[in-house]
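Peer 1: Before I ask anything, let me first share the structure, which is written out below as structure tokens.
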Amino acid sequence: MPSDQEFADYFSGAMPVPERKEFEERMLAEPVGITELVAQRRLHMALKALLDPAPERIEAAILARVRGVSDEIALKNVLAETTEQARPVQAVQRVRSAGRIARPQSASRPSGRWWTTVQALSSVGAAVAAVLLLIFGSSWFRQRPARSVESGGVVAQVRDDFGARWGARQRPLRWGDELRRESLVLDSGVVELAFRNGATLVAEGPARLDLAGVGHVVLHQGKVSARVPASAVGFTVDTAAGKVVDRGTSFGVKAAPSGLVETHVFEGRVDVTPDVLFKSAMKPLRRDMAVRLDPQAALVAPIPSDAREFPSAGQVIAEPLISGGFEDLAKVGTDGMPTTSAMWSGDSCEIAGRHSGILPHAGDRMLSFTLTGEGPGHGRESDVWSASEQWQFVDLAPYKDAIENGVTAELSVWFNRIGGEQAVSEFVVVLAAYRGSPEDVKNQWWGHRPEMALAYTQDTTVTDEDPATWERDEVRFEIPAGANLLLVSIAAAKSNPAEKLTGHFADSASLRLVIPPSAAVHAQR
Amino acid sequence: MTPVTPNKTSDPALESALVRRVQAGDLDAFAPLVRQHLPELRAFVCLRLPVPHLADEITHETFVFAFREIARFDATKPLRPWLRAIAWNLVRSELLRFAREQVNLSRFEQAQLVALTRDSEKRALQDETVFLEECLAQLPENVRRLVDERYRLGCSNDELAARFGRSAEWVRVTLFRVRKQLRDCIESKLTAIPDAV
């Protein structure tokens with residue numbers, strides 16, 4: 001049985017890592033010792049909870065949630081007294097298609113029991129983890145070529161995709177990819193395209209369309225919906241049966257294999273100009289109006305407008321990363337991984353302005369990686385790199401209800417470095433979702449970060465040697481229900497540990513929480 | 001010195017009035033109820049499920065559930081046992097969920113789970129936080145001050161060592177032994193209750 005001194009050192013984190021490992025191995029054979037540690041943890045937490053002089057944070061969160069519940073109850077009461085009762089309560093919960101329709105909450109159960117869906121973490125498992133800290137090495141770098149950021153000829157960017165499967169001859173596209181004048185074949189799923197003029201187009205597969213220009217799409221088949229801001233008025237969707245020209249609005253166009261084309265206006269106005277074979281004049285359509293063009297009958301017929309027949313755009317619900325542009329910071333933390341959310345901390349890094357001829361990607365400041373030291377893979381000589389990493393935790397509690405219905409986290413960071421280096425340089429972005437606290441991740445799960453994550457993704461990019469250009473890297477995943485914490489990591493690494501990590505920069509880090517675009521609710525008529 | 005034991009004064013009539021106001025739709029009346037019961041309820045959950053984020057979450061959900069169901073609550077009765085019962089049900093659900101979802105439990109984890117569940121079942125309706133407060137009050141003055149400055153003021157071990165003119169090792173070991181002592185004290189009070197449920 002370990003001594004009180006050993007227990008106390010282990011429990012308080014004062015025990016050096018090698019001794020901790022040895023202590024843990026001994027504990028595995030001594031259940032009595034583990035019981036003691038669990039008991040200590042119980043008392044420690046209970047004392048903190050009981051004597052905490054400022055539980056305002058928890059109190060405020062409870063009251064904020066209760067206010068939401070109060071509004072929800074009030075809304076339900078109102079609905080119960082009206083004929084609207086049978087209709088979906090879209091003001092409360094976003095109703096999604098694609099098999100993920102939100103279930104109404106039962107009044108007899110606590111709402112948002114999100115912990116019941118946790119997959120990878122567990123309550124007792126986490127408690128046990130507190131006393132069973134086995135450190136595994138993890139070489140988690142993987143290499144992928146940098147994506148081009150050349151802006152010439154770019155007409156749009158893939159803003160989001162949801163279950164997208166591309167045609168066999170179509171280059172597979174993913175979030176963040178830039179599009180030029182090209183044809184797209186989407187077999188299934190939904191993609192959202194952001195045009196350079198500000199227009200947004202959501203396409204649902206099966207669909208074939210050509211990007212004919214910044215404000216011009218040719219729809220051969222499928223369903224699209226468009227939202228066009230003032231900057232993009234005149235946005236045009238061409239079809240075989242006619243032309244749809246936006247006049248400041250949002251609308252949907254559906255082109256069936258039979259040649260039928262429908263245009264539905266959700267807001268504002270569009271002009272529909274049927275092909276010459278219709279011998280029909282241009283039809284201005286306003287909100288809630290729709291028209292069907294039937295080439296076989298050369299008929300232009302008004303029909304009921306229904307937005308639910310079209311895919312809907314995604315919705316950015318938050319951009320919770322703090323100081324992603326590093327503009328308002330004098331420095332970042334250099335004491336390792338932070339133990340609280342909403343702050344950058346990690347290895348030795350500095351906030352820099354123009355440096356080594358490199359200008360910040362945006363604004364006046366950027367992050368400069370400065371550390372020289374062994375990086376990931378240490379322990380194997382061939383893998384020794386110098387690396388520098390910064391982390392930020394993001395508290396997901398404010399988005400808990402949205403996450404239950406499906407939210408995607410999208411992280412993008414821009415990188416740059418000086419040229420003329422001998423060693424290979426690469427940059428890494430990591431996004432991980434946890435159910436726990438920053439302290440858990442830092443102190444208890446350090447060696448298990450990927451394994452303890454509910455979701456984990458990373459990407460490595462090798463930048464060019466041109467200081468004038470920045471390269472973007474991005475990762476994303478759907479936040480698992482149950483996650484209450486995101487970990488963002490950005491790192492620079494160099495294959496030669498003898499070379500200093502200077503002249504390596506990151507900027508414009510962005511994390512978006514997005515309700516993905518969704519398919520049409522109604523089956524195609 | 002600030003007393004270790006928190007102010008526990010609770011006016012049943014005031015609490016009952018607040019509950020009635022919440023039942024009548026007055027949301028503002030819920031805040032003082034949360035303020036009154038939050039520390040003890042958190043401690044209650046922590047003693048059963050010593051996982052920080054889960055403890056906070058279950059505490060949170062307990063109050064939300066209570067708010068949703070408050071129309072069914074008898075306002076003439078004290079709120080604390082009801083909150084405790086809700087919290088315990090949530091803790092138990094969490095433990096059972098864990099048991100269901102884990103296919104490959106190691107023997108040790110199984111043992112821990114069983115121990116936690118059995119232990120918690122036994123004490124389900126016992127408010128150990130009351131015992132904890134009583135046991136705290138029995139600590140010698142200097143030890144109480146150490147606990148107070150560690151947990152109420154949030155002092156680190158190094159800060160405490162400086163304040164008490166002792167080594168950091170002394171602080172660590174003393175706190176360890178105090179927690180052990182508190183646990184033994186609570187256990188003795190629990191076992192004094194015949195067939196605690």
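Lettering and numbering for the structure tokens are positional, with chains as A, B, ... in the shown order, residues counted from 1 in each chain, and ligands counted from 1 in the shown order.
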Excluding Asp271 in chain A and any residue of its chain fewer than 4 positions from it, enumerate the residues within 10 Å of it, using only C-alpha atoms, and give them as a ChimeraX atom specification.

Peer 2: /A:234,236,243-247,263,265,282-286

Peer 1: Give me, as a Markdown table, each residue of chain B that comes within 6 Å of chain A, together with its shortest interatomic pair and the distance in Å at one decimal, counting only C-alpha atoms, with rows ordered by chain and rising residue number.

Peer 2:
```
| residue | atom | partner | partner_atom | distance |
| --- | --- | --- | --- | --- |
| B:Pro39 | CA | A:Leu50 | CA | 4.8 |
| B:Glu40 | CA | A:Leu50 | CA | 5.8 |
| B:Arg42 | CA | A:Ala49 | CA | 5.6 |
| B:Ala43 | CA | A:Ala46 | CA | 4.2 |
| B:Cys46 | CA | A:Ala46 | CA | 5.2 |
| B:Leu47 | CA | A:Arg42 | CA | 4.9 |
| B:Pro50 | CA | A:Arg42 | CA | 5.0 |
| B:Val51 | CA | A:Ala127 | CA | 5.8 |
| B:His53 | CA | A:Gly436 | CA | 5.5 |
| B:His60 | CA | A:Ile62 | CA | 5.7 |
| B:Val64 | CA | A:Val66 | CA | 5.9 |
| B:Phe65 | CA | A:Pro110 | CA | 4.8 |
| B:Phe98 | CA | A:Ser122 | CA | 5.9 |
| B:Tyr151 | CA | A:Lys48 | CA | 5.3 |
| B:Arg152 | CA | A:Leu51 | CA | 5.1 |
| B:Arg172 | CA | A:Ala8 | CA | 5.5 |
| B:Val173 | CA | A:Ala8 | CA | 5.2 |
| B:Phe176 | CA | A:Ala8 | CA | 5.6 |
```

Peer 1: Give me, please, the distance in Å between CA of Pro2 in chain A and CA of Glu24 in chain A, quoted to one decimal.

Peer 2: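 One can read the CA of Pro2 in chain A to CA of Glu24 in chain A distance as 10.8 Å.
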
Peer 1: Calculate how many Å separate CA of Asn197 in chain A from CA of Glu327 in chain A, rounding to one decimal.

Peer 2: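 Atom-to-atom, CA of Asn197 in chain A to CA of Glu327 in chain A, that is 26.9 Å.
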